[in-house]
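So this one's input-v9.pdb, PDB, C-alpha atoms and all ligand atoms:
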```pdb
MODEL        1
ATOM      1  CA  GLN A 131      40.034  14.874 -21.511
ATOM      2  CA  ALA A 132      36.884  16.012 -19.754
ATOM      3  CA  LYS A 133      35.048  15.954 -23.015
ATOM      4  CA  GLU A 134      36.091  12.424 -23.607
ATOM      5  CA  ARG A 135      34.961  11.363 -20.185
ATOM      6  CA  GLY A 136      31.707  13.159 -20.825
ATOM      7  CA  ARG A 137      31.249  11.222 -23.976
ATOM      8  CA  GLY A 138      32.029   7.996 -22.192
ATOM      9  CA  CYS A 139      29.325   8.810 -19.683
ATOM     10  CA  TYR A 140      26.930   9.552 -22.457
ATOM     11  CA  ILE A 141      27.615   6.242 -24.131
ATOM     12  CA  PHE A 142      27.262   4.444 -20.839
ATOM     13  CA  TYR A 143      23.987   6.215 -20.176
ATOM     14  CA  GLN A 144      22.762   5.440 -23.640
ATOM     15  CA  SER A 145      23.569   1.763 -23.390
ATOM     16  CA  GLU A 146      21.843   1.669 -20.014
ATOM     17  CA  MET A 147      18.802   3.212 -21.606
ATOM     18  CA  THR A 148      18.880   0.799 -24.487
ATOM     19  CA  GLU A 149      19.094  -2.004 -21.986
ATOM     20  CA  ARG A 150      16.087  -0.730 -20.124
ATOM     21  CA  VAL A 151      14.067  -0.341 -23.287
ATOM     22  CA  GLN A 152      15.078  -3.830 -24.330
ATOM     23  CA  ARG A 153      14.173  -5.297 -20.980
ATOM     24  CA  GLU A 154      10.812  -3.604 -21.105
ATOM     25  CA  ALA A 155      10.155  -4.936 -24.593
ATOM     26  CA  GLU A 156      11.069  -8.437 -23.424
ATOM     27  CA  LEU A 157       8.769  -8.111 -20.439
ATOM     28  CA  ALA A 158       5.950  -6.849 -22.624
ATOM     29  CA  HIS A 159       6.477  -9.810 -24.904
ATOM     30  CA  MET A 160       6.281 -12.231 -21.977
ATOM     31  CA  LEU A 161       3.170 -10.472 -20.686
ATOM     32  CA  SER A 162       1.416 -11.020 -23.983
ATOM     33  CA  SER A 163       2.172 -14.741 -23.961
ATOM     34  CA  ALA A 164      -0.843 -17.003 -23.908
ATOM     35  CA  ARG A 165       0.504 -18.665 -20.782
ATOM     36  CA  PHE A 166       1.071 -15.462 -18.828
ATOM     37  CA  LEU A 167      -2.120 -15.524 -16.754
ATOM     38  CA  GLN A 168      -1.444 -19.153 -15.824
ATOM     39  CA  GLN A 169       1.882 -18.096 -14.338
ATOM     40  CA  LEU A 170       0.193 -15.713 -11.895
ATOM     41  CA  HIS A 171      -0.921 -16.413  -8.377
ATOM     42  CA  MET A 172      -1.835 -14.411  -5.317
ATOM     43  CA  GLU A 173      -0.222 -14.255  -1.925
ATOM     44  CA  TYR A 174      -2.025 -13.012   1.142
ATOM     45  CA  GLN A 175      -0.383 -10.945   3.851
ATOM     46  CA  PRO A 176      -2.162 -10.963   7.200
ATOM     47  CA  GLN A 177      -3.253  -7.783   8.955
ATOM     48  CA  PHE A 178      -3.736  -7.631  12.702
ATOM     49  CA  CYS A 179      -5.388  -5.456  15.277
ATOM     50  CA  CYS A 180      -2.554  -3.345  16.676
ATOM     51  CA  HIS A 181      -3.715  -3.792  20.258
ATOM     52  CA  SER A 182      -5.129  -7.308  20.579
ATOM     53  CA  GLY A 183      -2.917  -8.887  17.907
ATOM     54  CA  LYS A 184      -5.964 -10.605  16.399
ATOM     55  CA  LEU A 185      -6.147 -11.367  12.693
ATOM     56  CA  ILE A 186      -8.554  -9.000  10.973
ATOM     57  CA  GLY A 187      -7.883  -9.581   7.295
ATOM     58  CA  PHE A 188      -5.408  -9.936   4.449
ATOM     59  CA  GLU A 189      -3.961  -7.917   1.614
ATOM     60  CA  ALA A 190      -3.859  -9.916  -1.615
ATOM     61  CA  LEU A 191      -0.598  -9.375  -3.530
ATOM     62  CA  LEU A 192       0.039 -10.443  -7.083
ATOM     63  CA  ARG A 193       2.898 -12.833  -7.869
ATOM     64  CA  TRP A 194       4.356 -13.828 -11.221
ATOM     65  CA  GLN A 195       6.428 -16.966 -11.328
ATOM     66  CA  HIS A 196       8.061 -17.249 -14.735
ATOM     67  CA  PRO A 197       9.068 -20.854 -15.552
ATOM     68  CA  GLU A 198      12.632 -19.902 -16.569
ATOM     69  CA  ILE A 199      13.292 -16.552 -14.932
ATOM     70  CA  GLY A 200      11.609 -17.228 -11.602
ATOM     71  CA  ALA A 201       9.716 -14.675  -9.545
ATOM     72  CA  ILE A 202       9.208 -11.254 -11.118
ATOM     73  CA  SER A 203       8.103  -8.470  -8.776
ATOM     74  CA  PRO A 204       4.860  -6.585  -9.386
ATOM     75  CA  LEU A 205       6.963  -3.436  -9.053
ATOM     76  CA  THR A 206       8.720  -4.539 -12.245
ATOM     77  CA  PHE A 207       5.905  -5.859 -14.395
ATOM     78  CA  ILE A 208       2.859  -3.812 -13.373
ATOM     79  CA  PRO A 209       4.262  -0.551 -14.786
ATOM     80  CA  VAL A 210       4.947  -2.327 -18.091
ATOM     81  CA  ALA A 211       1.465  -3.843 -18.123
ATOM     82  CA  GLU A 212       0.050  -0.371 -17.452
ATOM     83  CA  LYS A 213       2.006   1.159 -20.305
ATOM     84  CA  ARG A 214       1.094  -1.577 -22.780
ATOM     85  CA  GLY A 215      -2.627  -1.657 -22.103
ATOM     86  CA  MET A 216      -2.562  -4.985 -20.289
ATOM     87  CA  ILE A 217      -3.442  -3.911 -16.776
ATOM     88  CA  ASP A 218      -7.212  -4.233 -17.162
ATOM     89  CA  ASP A 219      -7.007  -7.944 -17.889
ATOM     90  CA  ILE A 220      -4.565  -8.472 -15.056
ATOM     91  CA  GLY A 221      -6.670  -6.420 -12.666
ATOM     92  CA  PHE A 222      -9.776  -8.368 -13.591
ATOM     93  CA  TRP A 223      -7.897 -11.639 -13.117
ATOM     94  CA  VAL A 224      -6.853 -10.457  -9.638
ATOM     95  CA  ALA A 225     -10.408  -9.566  -8.630
ATOM     96  CA  GLN A 226     -11.729 -12.864  -9.981
ATOM     97  CA  HIS A 227      -9.077 -14.802  -8.188
ATOM     98  CA  VAL A 228      -9.605 -13.017  -4.892
ATOM     99  CA  ALA A 229     -13.385 -13.466  -5.101
ATOM    100  CA  THR A 230     -12.993 -17.192  -5.747
ATOM    101  CA  GLN A 231     -10.559 -17.517  -2.864
ATOM    102  CA  ILE A 232     -12.837 -15.676  -0.458
ATOM    103  CA  ALA A 233     -15.790 -17.815  -1.542
ATOM    104  CA  SER A 234     -13.797 -20.942  -0.820
ATOM    105  CA  TRP A 235     -12.652 -19.762   2.630
ATOM    106  CA  ASP A 236     -16.179 -18.652   3.361
ATOM    107  CA  GLU A 237     -17.551 -22.056   2.373
ATOM    108  CA  SER A 238     -15.067 -23.750   4.673
ATOM    109  CA  GLY A 239     -16.407 -21.592   7.498
ATOM    110  CA  TYR A 240     -13.079 -19.872   8.162
ATOM    111  CA  GLN A 241     -12.823 -16.536   9.944
ATOM    112  CA  PHE A 242     -10.632 -14.358   7.777
ATOM    113  CA  GLY A 243     -12.057 -10.853   8.056
ATOM    114  CA  ALA A 244     -11.788  -8.750   4.903
ATOM    115  CA  VAL A 245      -9.472  -9.195   1.933
ATOM    116  CA  SER A 246      -8.071  -6.179   0.144
ATOM    117  CA  PHE A 247      -6.539  -5.968  -3.290
ATOM    118  CA  ASN A 248      -4.794  -3.201  -5.200
ATOM    119  CA  LEU A 249      -6.223  -1.218  -8.094
ATOM    120  CA  SER A 250      -3.839   0.415 -10.527
ATOM    121  CA  PRO A 251      -4.312   4.118 -11.319
ATOM    122  CA  VAL A 252      -4.474   3.132 -14.981
ATOM    123  CA  GLN A 253      -7.338   0.728 -14.244
ATOM    124  CA  LEU A 254      -9.219   3.600 -12.650
ATOM    125  CA  ARG A 255      -9.099   5.535 -15.902
ATOM    126  CA  ASN A 256     -11.179   2.874 -17.635
ATOM    127  CA  GLN A 257     -14.773   3.312 -16.633
ATOM    128  CA  GLU A 258     -16.028   0.064 -18.202
ATOM    129  CA  GLY A 259     -13.201  -1.856 -16.600
ATOM    130  CA  VAL A 260     -14.073  -0.562 -13.148
ATOM    131  CA  GLN A 261     -17.745  -1.263 -13.740
ATOM    132  CA  ALA A 262     -17.015  -4.862 -14.796
ATOM    133  CA  LEU A 263     -14.841  -5.325 -11.747
ATOM    134  CA  LEU A 264     -17.458  -3.976  -9.350
ATOM    135  CA  GLU A 265     -20.110  -6.160 -10.976
ATOM    136  CA  LEU A 266     -17.894  -9.162 -10.469
ATOM    137  CA  LEU A 267     -17.714  -8.387  -6.748
ATOM    138  CA  THR A 268     -21.462  -7.844  -6.499
ATOM    139  CA  ASP A 269     -22.265 -10.986  -8.506
ATOM    140  CA  SER A 270     -20.069 -13.088  -6.219
ATOM    141  CA  GLU A 271     -22.927 -12.919  -3.693
ATOM    142  CA  LEU A 272     -20.405 -12.558  -0.924
ATOM    143  CA  PRO A 273     -21.008  -9.758   1.541
ATOM    144  CA  LEU A 274     -19.527  -6.729  -0.192
ATOM    145  CA  ASP A 275     -17.750  -5.720   2.990
ATOM    146  CA  THR A 276     -15.460  -8.742   2.792
ATOM    147  CA  PHE A 277     -13.763  -6.900  -0.085
ATOM    148  CA  GLU A 278     -11.553  -3.883   0.153
ATOM    149  CA  VAL A 279      -9.926  -2.076  -2.742
ATOM    150  CA  GLU A 280      -6.698  -0.190  -2.204
ATOM    151  CA  ILE A 281      -6.213   2.969  -4.201
ATOM    152  CA  THR A 282      -3.277   5.349  -3.992
ATOM    153  CA  GLU A 283      -3.836   9.067  -3.534
ATOM    154  CA  SER A 284      -2.547   9.933  -6.966
ATOM    155  CA  ALA A 285      -4.900   7.361  -8.487
ATOM    156  CA  CYS A 286      -7.809   9.158  -6.793
ATOM    157  CA  MET A 287      -6.635  12.382  -8.413
ATOM    158  CA  ASP A 288      -6.514  10.753 -11.842
ATOM    159  CA  ALA A 289      -9.859   9.006 -11.651
ATOM    160  CA  GLY A 290     -12.737  10.641 -13.471
ATOM    161  CA  SER A 291     -15.872  11.700 -11.616
ATOM    162  CA  GLU A 292     -17.870   8.778 -13.109
ATOM    163  CA  VAL A 293     -15.415   6.294 -11.676
ATOM    164  CA  LEU A 294     -15.379   8.070  -8.323
ATOM    165  CA  ASP A 295     -19.204   7.950  -8.313
ATOM    166  CA  MET A 296     -19.169   4.210  -9.028
ATOM    167  CA  LEU A 297     -16.749   3.635  -6.176
ATOM    168  CA  GLU A 298     -18.831   5.811  -3.870
ATOM    169  CA  SER A 299     -21.956   3.901  -4.718
ATOM    170  CA  ALA A 300     -20.213   0.550  -4.166
ATOM    171  CA  ALA A 301     -18.915   1.904  -0.866
ATOM    172  CA  SER A 302     -22.430   2.797   0.216
ATOM    173  CA  SER A 303     -23.357  -0.873  -0.444
ATOM    174  CA  GLY A 304     -20.542  -2.028   1.796
ATOM    175  CA  LEU A 305     -17.380  -2.185  -0.300
ATOM    176  CA  ARG A 306     -14.416  -0.935   1.697
ATOM    177  CA  LEU A 307     -12.053   1.577   0.197
ATOM    178  CA  ALA A 308      -8.531   2.101   1.463
ATOM    179  CA  ILE A 309      -6.150   4.884   0.536
ATOM    180  CA  ASP A 310      -2.809   3.154  -0.015
ATOM    181  CA  ASP A 311       0.697   4.563   0.520
ATOM    182  CA  PHE A 312      -0.826   7.542   2.296
ATOM    183  CA  GLY A 313       1.468  10.538   2.506
ATOM    184  CA  THR A 314       3.674   9.718  -0.481
ATOM    185  CA  GLY A 315       1.595  11.444  -3.182
ATOM    186  CA  TYR A 316       0.929  15.082  -3.843
ATOM    187  CA  SER A 317      -2.715  14.888  -3.012
ATOM    188  CA  SER A 318      -3.329  13.210   0.316
ATOM    189  CA  MET A 319      -6.025  15.634   1.402
ATOM    190  CA  VAL A 320      -7.771  15.553  -1.964
ATOM    191  CA  ALA A 321      -7.995  11.780  -1.747
ATOM    192  CA  LEU A 322      -9.595  12.052   1.686
ATOM    193  CA  LYS A 323     -12.003  14.631   0.361
ATOM    194  CA  GLN A 324     -12.971  12.726  -2.778
ATOM    195  CA  LEU A 325     -13.447   9.218  -1.486
ATOM    196  CA  SER A 326     -15.425   7.897   1.419
ATOM    197  CA  ALA A 327     -12.608   5.597   2.369
ATOM    198  CA  SER A 328     -12.882   3.409   5.415
ATOM    199  CA  ARG A 329      -9.156   3.077   5.841
ATOM    200  CA  LEU A 330      -5.963   4.940   5.428
ATOM    201  CA  LYS A 331      -2.692   3.040   5.023
ATOM    202  CA  ILE A 332       0.386   4.894   6.241
ATOM    203  CA  ASP A 333       3.188   4.254   3.771
ATOM    204  CA  ARG A 334       5.954   2.051   5.034
ATOM    205  CA  SER A 335       8.638   4.691   4.445
ATOM    206  CA  PHE A 336       7.262   6.612   7.455
ATOM    207  CA  VAL A 337       7.107   3.493   9.587
ATOM    208  CA  ARG A 338      10.676   2.611   8.576
ATOM    209  CA  ASP A 339      12.121   5.984   9.578
ATOM    210  CA  MET A 340       9.867   6.687  12.539
ATOM    211  CA  LEU A 341      12.256   5.405  15.219
ATOM    212  CA  ASP A 342      15.241   7.474  14.058
ATOM    213  CA  ASP A 343      13.562  10.572  12.774
ATOM    214  CA  PRO A 344      11.301  12.575  15.093
ATOM    215  CA  ASN A 345       9.684  14.194  12.047
ATOM    216  CA  ASP A 346       8.554  10.859  10.703
ATOM    217  CA  ARG A 347       7.203   9.945  14.090
ATOM    218  CA  GLN A 348       5.254  13.198  14.181
ATOM    219  CA  ILE A 349       3.924  12.519  10.693
ATOM    220  CA  VAL A 350       2.758   9.058  11.738
ATOM    221  CA  SER A 351       1.171  10.459  14.865
ATOM    222  CA  ALA A 352      -0.564  13.281  12.978
ATOM    223  CA  THR A 353      -1.779  10.895  10.271
ATOM    224  CA  ILE A 354      -3.331   8.639  12.889
ATOM    225  CA  ALA A 355      -5.046  11.643  14.475
ATOM    226  CA  LEU A 356      -6.242  12.870  11.082
ATOM    227  CA  GLY A 357      -7.602   9.445  10.145
ATOM    228  CA  HIS A 358      -9.400   9.092  13.447
ATOM    229  CA  SER A 359     -10.896  12.557  13.271
ATOM    230  CA  LEU A 360     -12.435  11.569   9.937
ATOM    231  CA  GLY A 361     -13.695   8.278  11.322
ATOM    232  CA  LEU A 362     -11.180   6.144   9.421
ATOM    233  CA  GLU A 363      -9.288   3.128  10.547
ATOM    234  CA  VAL A 364      -5.536   3.625  10.281
ATOM    235  CA  VAL A 365      -3.273   0.834   9.031
ATOM    236  CA  ALA A 366       0.522   0.900   9.277
ATOM    237  CA  GLU A 367       2.364  -0.894   6.467
ATOM    238  CA  GLY A 368       5.826  -2.404   6.577
ATOM    239  CA  VAL A 369       6.109  -3.118  10.306
ATOM    240  CA  GLU A 370       9.429  -4.940  10.575
ATOM    241  CA  THR A 371      10.397  -4.745  14.250
ATOM    242  CA  ALA A 372       8.947  -5.146  17.736
ATOM    243  CA  GLN A 373       9.957  -1.565  18.487
ATOM    244  CA  GLN A 374       7.958  -0.222  15.567
ATOM    245  CA  LEU A 375       4.940  -2.194  16.719
ATOM    246  CA  GLU A 376       5.357  -0.802  20.209
ATOM    247  CA  VAL A 377       5.492   2.806  19.024
ATOM    248  CA  LEU A 378       2.493   2.299  16.719
ATOM    249  CA  ARG A 379       0.537   0.969  19.687
ATOM    250  CA  GLU A 380       1.503   4.004  21.759
ATOM    251  CA  LEU A 381       0.443   6.312  18.944
ATOM    252  CA  GLY A 382      -2.968   4.656  18.743
ATOM    253  CA  CYS A 383      -2.648   3.007  15.333
ATOM    254  CA  ASP A 384      -5.476   0.518  14.640
ATOM    255  CA  VAL A 385      -4.107  -2.122  12.281
ATOM    256  CA  VAL A 386      -0.615  -3.381  11.493
ATOM    257  CA  GLN A 387       0.849  -5.261   8.561
ATOM    258  CA  GLY A 388       4.471  -6.208   7.924
ATOM    259  CA  TYR A 389       7.151  -8.863   7.962
ATOM    260  CA  PHE A 390       7.433  -8.703  11.762
ATOM    261  CA  LEU A 391       3.813  -9.835  12.045
ATOM    262  CA  GLY A 392       3.436 -12.073   9.040
ATOM    263  CA  MET A 393       4.780 -12.311   5.537
ATOM    264  CA  PRO A 394       2.693 -12.766   2.400
ATOM    265  CA  LEU A 395       1.727 -16.448   2.071
ATOM    266  CA  GLY A 396       0.351 -18.663  -0.658
ATOM    267  CA  SER A 397      -3.311 -19.561  -0.385
ATOM    268  CA  GLU A 398      -2.710 -23.143   0.745
ATOM    269  CA  LEU A 399      -0.611 -22.060   3.664
ATOM    270  CA  VAL A 400      -3.161 -19.411   4.589
ATOM    271  CA  SER A 401      -5.886 -22.063   4.467
ATOM    272  CA  THR A 402      -3.877 -24.205   6.878
ATOM    273  CA  PHE A 403      -3.657 -21.357   9.370
ATOM    274  CA  LEU A 404      -7.324 -20.493   9.006
ATOM    275  CA  ALA A 405      -8.264 -24.139   9.521
ATOM    276  CA  GLN A 406      -6.225 -24.266  12.726
ATOM    277  CA  GLY A 407      -8.113 -21.231  13.970
ATOM    278  CA  GLN A 408      -5.009 -19.671  15.532
ATOM    279  CA  LEU A 409      -5.886 -16.228  14.412
ATOM    280  CA  ILE A 410      -3.328 -14.219  16.315
ATOM    281  CA  TYR A 411      -0.119 -12.657  15.030
ATOM    282  CA  THR A 412       2.234 -14.862  17.011
ATOM    283  CA  ALA A 413       0.964 -17.877  15.044
ATOM    284  CA  PHE A 414       1.925 -16.582  11.595
ATOM    285  CA  PRO A 415       5.314 -17.082   9.915
ATOM    286  CA  LYS A 416       7.599 -14.033   9.885
ATOM    287  CA  ARG A 417      10.219 -13.164   7.376
ATOM    288  CA  ALA A 418      13.609 -14.265   8.675
ATOM    289  CA  ASN A 419      15.373 -10.906   8.427
ATOM    290  CA  ALA A 420      12.465  -8.913   9.828
TER     291      ALA A 420
HETATM  292  P1  LIG A 501       1.534  -2.095  -1.791
HETATM  293  O1  LIG A 501       0.118  -2.219  -2.187
HETATM  294  O2  LIG A 501       1.900  -0.919  -0.964
HETATM  295  O3  LIG A 501       1.862  -3.456  -1.041
HETATM  296  C1  LIG A 501       2.721  -3.600   0.039
HETATM  297  C2  LIG A 501       4.075  -4.103  -0.374
HETATM  298  O4  LIG A 501       4.951  -4.120   0.736
HETATM  299  C3  LIG A 501       4.071  -5.551  -0.885
HETATM  300  O5  LIG A 501       5.090  -5.655  -1.868
HETATM  301  C4  LIG A 501       4.463  -6.337   0.363
HETATM  302  O6  LIG A 501       5.000  -7.608   0.074
HETATM  303  C5  LIG A 501       5.490  -5.404   0.937
HETATM  304  N1  LIG A 501       5.686  -5.579   2.371
HETATM  305  C6  LIG A 501       4.834  -6.077   3.282
HETATM  306  N2  LIG A 501       5.353  -6.040   4.520
HETATM  307  C7  LIG A 501       6.576  -5.484   4.397
HETATM  308  C8  LIG A 501       7.624  -5.174   5.329
HETATM  309  O7  LIG A 501       7.532  -5.390   6.538
HETATM  310  N3  LIG A 501       8.750  -4.608   4.830
HETATM  311  C9  LIG A 501       8.890  -4.333   3.494
HETATM  312  N4  LIG A 501      10.031  -3.783   3.091
HETATM  313  N5  LIG A 501       7.926  -4.602   2.599
HETATM  314  C10 LIG A 501       6.775  -5.176   3.035
HETATM  315  P2  LIG A 501       4.846  -6.390  -3.253
HETATM  316  O8  LIG A 501       3.982  -7.578  -3.062
HETATM  317  O9  LIG A 501       6.178  -6.548  -3.902
HETATM  318  O10 LIG A 501       4.002  -5.334  -4.057
HETATM  319  C11 LIG A 501       4.530  -4.100  -4.405
HETATM  320  C12 LIG A 501       3.479  -3.205  -4.982
HETATM  321  O11 LIG A 501       3.000  -3.745  -6.212
HETATM  322  C13 LIG A 501       2.249  -3.035  -4.102
HETATM  323  O12 LIG A 501       2.503  -2.092  -3.098
HETATM  324  C14 LIG A 501       1.239  -2.589  -5.120
HETATM  325  O13 LIG A 501       1.388  -1.217  -5.400
HETATM  326  C15 LIG A 501       1.666  -3.384  -6.354
HETATM  327  N6  LIG A 501       0.809  -4.582  -6.458
HETATM  328  C16 LIG A 501       0.905  -5.786  -5.836
HETATM  329  N7  LIG A 501      -0.110  -6.598  -6.201
HETATM  330  C17 LIG A 501      -0.884  -5.895  -7.071
HETATM  331  C18 LIG A 501      -2.094  -6.164  -7.794
HETATM  332  O14 LIG A 501      -2.713  -7.224  -7.674
HETATM  333  N8  LIG A 501      -2.570  -5.168  -8.612
HETATM  334  C19 LIG A 501      -1.942  -3.958  -8.727
HETATM  335  N9  LIG A 501      -2.459  -3.035  -9.559
HETATM  336  N10 LIG A 501      -0.820  -3.663  -8.041
HETATM  337  C20 LIG A 501      -0.303  -4.608  -7.220
HETATM  338 MG    MG A 502      -1.594  -2.112  -1.182
HETATM  339 MG    MG A 503       0.954   0.283   0.291
HETATM  340 MG    MG A 504       3.608   0.633  -1.558
ENDMDL
END
```
Please re-express this file's structure in structure tokens.
Ligand code: C2E
Ligand code: MG
Ligand code: MG
Ligand code: MG
Amino acid sequence: QAKERGRGCYIFYQSEMTERVQREAELAHMLSSARFLQQLHMEYQPQFCCHSGKLIGFEALLRWQHPEIGAISPLTFIPVAEKRGMIDDIGFWVAQHVATQIASWDESGYQFGAVSFNLSPVQLRNQEGVQALLELLTDSELPLDTFEVEITESACMDAGSEVLDMLESAASSGLRLAIDDFGTGYSSMVALKQLSASRLKIDRSFVRDMLDDPNDRQIVSATIALGHSLGLEVVAEGVETAQQLEVLRELGCDVVQGYFLGMPLGSELVSTFLAQGQLIYTAFPKRANA
């Protein structure tokens, strides 16, 4: 009896695996379509000063709108793109797109602060790819400090010393570096040691649990203190409630980002807000359930 059940489980597990493998193959196939890049766009989530509530920048987030399937999350397709050797092209597309967007906002005379975008750990393993990307930023002739690249701690660990040197040198010319999802990797301190980051982003899991769990609150508080003692600006991700904002203010956090303050928006909508010049968090659309 038990054996039979065991076998049933095994079959179930196997079919689940097959399904996953199949889904991944389908995704990979869609990613290699000639039209794939045309189905991408960026959204921009505003970031605000924790104390004044003023807009200080945006994080650019990649979106894939498939004509039949609809929106596909970066959490779903980026890992596949990484595995199948497609992330460099995507990453370059992102940087190009962000640079063009910034140039256009800049030309319109809008105040938008800095725009950050995410680099995949796999991208960081390709030295030429990183070089091409940094050249693109430099060649844009925009002030380099309008760009910020977000790198997770584990990506810092993986990156070779040549890549770290290139990032360092770009940072000394103004490029901002942020350590993303801080506290979730195995190498938080190594990341701080290896990169002259200007920002540290506290992962949203800590922000989420901070009100119920005193440990998480202590972790947030200690991370803010650590960041400040190293001269870094500290950003809290995933702020979903007024209470969380309040506690982050009390703890001395610098910058906040999350659905309570503003959701990711398409570039046209962002342009509308920038044109209106209402650059304070109360002016931006929130996500309904936040
Ligand atoms: P991330 O860099 O940590 O980005 C923050 C994620 O949290 C975004 O999810 C954002 O939409 C979401 N978020 C923002 N505020 C809240 C909130 O209040 N509550 C909750 N629950 N979530 C919030 P998204 O856009 O789905 O992106 C997920 C991840 O995919 C990103 O995490 C990043 O690791 C990756 N990603 C997104 N765009 C790119 C890209 O252009 N290149 C690369 N390599 N990775 C990207
Ligand atoms: Mg990020
Ligand atoms: Mg993050
Ligand atoms: Mg994250």
Distance filter 9 Å around ligand MG 504 (chain A), atoms: only C-alpha atoms and all ligand atoms, out as a list in words: Thr282, Asp310, Asp311, Asp333, Arg334, Ser335, Glu367 and Gly368 of chain A
Resolved residues for the PyMOL selection byres (((chain A and resi 290) around 12) and not hetatm) as a PyMOL selection string: chain A and resi 251-257+260+285-289+291-297+324
Contacts of ligand LIG 501 (chain A), 6 Å or closer, all atoms listed in the file, given as a compact mmCIF listing (two decimals) with C-alpha atoms, in the coordinates of the input:
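Wrote it out as result01.txt, contents follow:
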```
# COMPACT_ATOMS: atom_id res chain seq x y z
CA LEU A 191 -0.60 -9.38 -3.53
CA LEU A 192 0.04 -10.44 -7.08
CA SER A 203 8.10 -8.47 -8.78
CA PRO A 204 4.86 -6.58 -9.39
CA LEU A 205 6.96 -3.44 -9.05
CA GLY A 221 -6.67 -6.42 -12.67
CA VAL A 224 -6.85 -10.46 -9.64
CA PHE A 247 -6.54 -5.97 -3.29
CA ASN A 248 -4.79 -3.20 -5.20
CA LEU A 249 -6.22 -1.22 -8.09
CA SER A 250 -3.84 0.42 -10.53
CA ASP A 311 0.70 4.56 0.52
CA GLY A 368 5.83 -2.40 6.58
CA VAL A 369 6.11 -3.12 10.31
CA GLU A 370 9.43 -4.94 10.58
CA GLY A 388 4.47 -6.21 7.92
CA TYR A 389 7.15 -8.86 7.96
```
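Between Met216 (chain A) and the candidates A:Leu170, A:Ala262, A:Ala155, A:Leu161, the tightest atom-to-atom separation, counting only C-alpha atoms, involves A:Leu161.
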Residues within 10 Å of Gln387 (chain A), all atoms listed in the file, excluding chain neighbours under 3 positions, as JSON, numbers by chain: {"A": [175, 176, 177, 178, 179, 180, 187, 188, 189, 331, 334, 365, 366, 367, 368, 369, 370, 375, 390, 391, 392, 393, 394, 411]}
Taking the file above as input, evaluate the PyMOL selection byres (((chain A and resi 241) around 10) and not hetatm) and report the hits as an mmCIF file with C-alpha atoms, in the coordinates of the input.
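For reference, selection.cif as written:
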```cif
data_model
loop_
_atom_site.group_PDB
_atom_site.id
_atom_site.type_symbol
_atom_site.label_atom_id
_atom_site.label_comp_id
_atom_site.auth_asym_id
_atom_site.auth_seq_id
_atom_site.Cartn_x
_atom_site.Cartn_y
_atom_site.Cartn_z
ATOM 1 C CA LEU A 185 -6.147 -11.367 12.693
ATOM 2 C CA ILE A 186 -8.554 -9.000 10.973
ATOM 3 C CA GLY A 187 -7.883 -9.581 7.295
ATOM 4 C CA TRP A 235 -12.652 -19.762 2.630
ATOM 5 C CA ASP A 236 -16.179 -18.652 3.361
ATOM 6 C CA SER A 238 -15.067 -23.750 4.673
ATOM 7 C CA GLY A 239 -16.407 -21.592 7.498
ATOM 8 C CA TYR A 240 -13.079 -19.872 8.162
ATOM 9 C CA PHE A 242 -10.632 -14.358 7.777
ATOM 10 C CA GLY A 243 -12.057 -10.853 8.056
ATOM 11 C CA ALA A 244 -11.788 -8.750 4.903
ATOM 12 C CA LEU A 404 -7.324 -20.493 9.006
ATOM 13 C CA ALA A 405 -8.264 -24.139 9.521
ATOM 14 C CA GLY A 407 -8.113 -21.231 13.970
ATOM 15 C CA LEU A 409 -5.886 -16.228 14.412
#
```
As a PDB file with C-alpha atoms, in the coordinates of the input, please: the residues near region 299-308 of chain A (cut-off 9 Å, all atoms listed in the file, same-chain neighbours under 5 positions excluded).
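As written to disk, out_3.pdb reads:
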```
ATOM      1  CA  ALA A 244     -11.788  -8.750   4.903  1.00  0.00           C
ATOM      2  CA  SER A 246      -8.071  -6.179   0.144  1.00  0.00           C
ATOM      3  CA  LEU A 264     -17.458  -3.976  -9.350  1.00  0.00           C
ATOM      4  CA  LEU A 267     -17.714  -8.387  -6.748  1.00  0.00           C
ATOM      5  CA  THR A 268     -21.462  -7.844  -6.499  1.00  0.00           C
ATOM      6  CA  PRO A 273     -21.008  -9.758   1.541  1.00  0.00           C
ATOM      7  CA  LEU A 274     -19.527  -6.729  -0.192  1.00  0.00           C
ATOM      8  CA  ASP A 275     -17.750  -5.720   2.990  1.00  0.00           C
ATOM      9  CA  THR A 276     -15.460  -8.742   2.792  1.00  0.00           C
ATOM     10  CA  PHE A 277     -13.763  -6.900  -0.085  1.00  0.00           C
ATOM     11  CA  GLU A 278     -11.553  -3.883   0.153  1.00  0.00           C
ATOM     12  CA  VAL A 279      -9.926  -2.076  -2.742  1.00  0.00           C
ATOM     13  CA  GLU A 280      -6.698  -0.190  -2.204  1.00  0.00           C
ATOM     14  CA  ILE A 281      -6.213   2.969  -4.201  1.00  0.00           C
ATOM     15  CA  THR A 282      -3.277   5.349  -3.992  1.00  0.00           C
ATOM     16  CA  LEU A 294     -15.379   8.070  -8.323  1.00  0.00           C
ATOM     17  CA  LEU A 325     -13.447   9.218  -1.486  1.00  0.00           C
ATOM     18  CA  SER A 326     -15.425   7.897   1.419  1.00  0.00           C
ATOM     19  CA  ALA A 327     -12.608   5.597   2.369  1.00  0.00           C
ATOM     20  CA  SER A 328     -12.882   3.409   5.415  1.00  0.00           C
ATOM     21  CA  ARG A 329      -9.156   3.077   5.841  1.00  0.00           C
ATOM     22  CA  LEU A 330      -5.963   4.940   5.428  1.00  0.00           C
ATOM     23  CA  LYS A 331      -2.692   3.040   5.023  1.00  0.00           C
TER      24      LYS A 331
END
```
Who sits within 9 Å of Ile349 (chain A), all atoms listed in the file, same chain under 6 positions skipped, as a count of residues only: 3
Residue with smallest distance to ligand MG 502 (chain A) - pool A:Leu157, A:Ile332, A:Val320, A:Ile220, counting all atoms listed in the file: A:Ile332
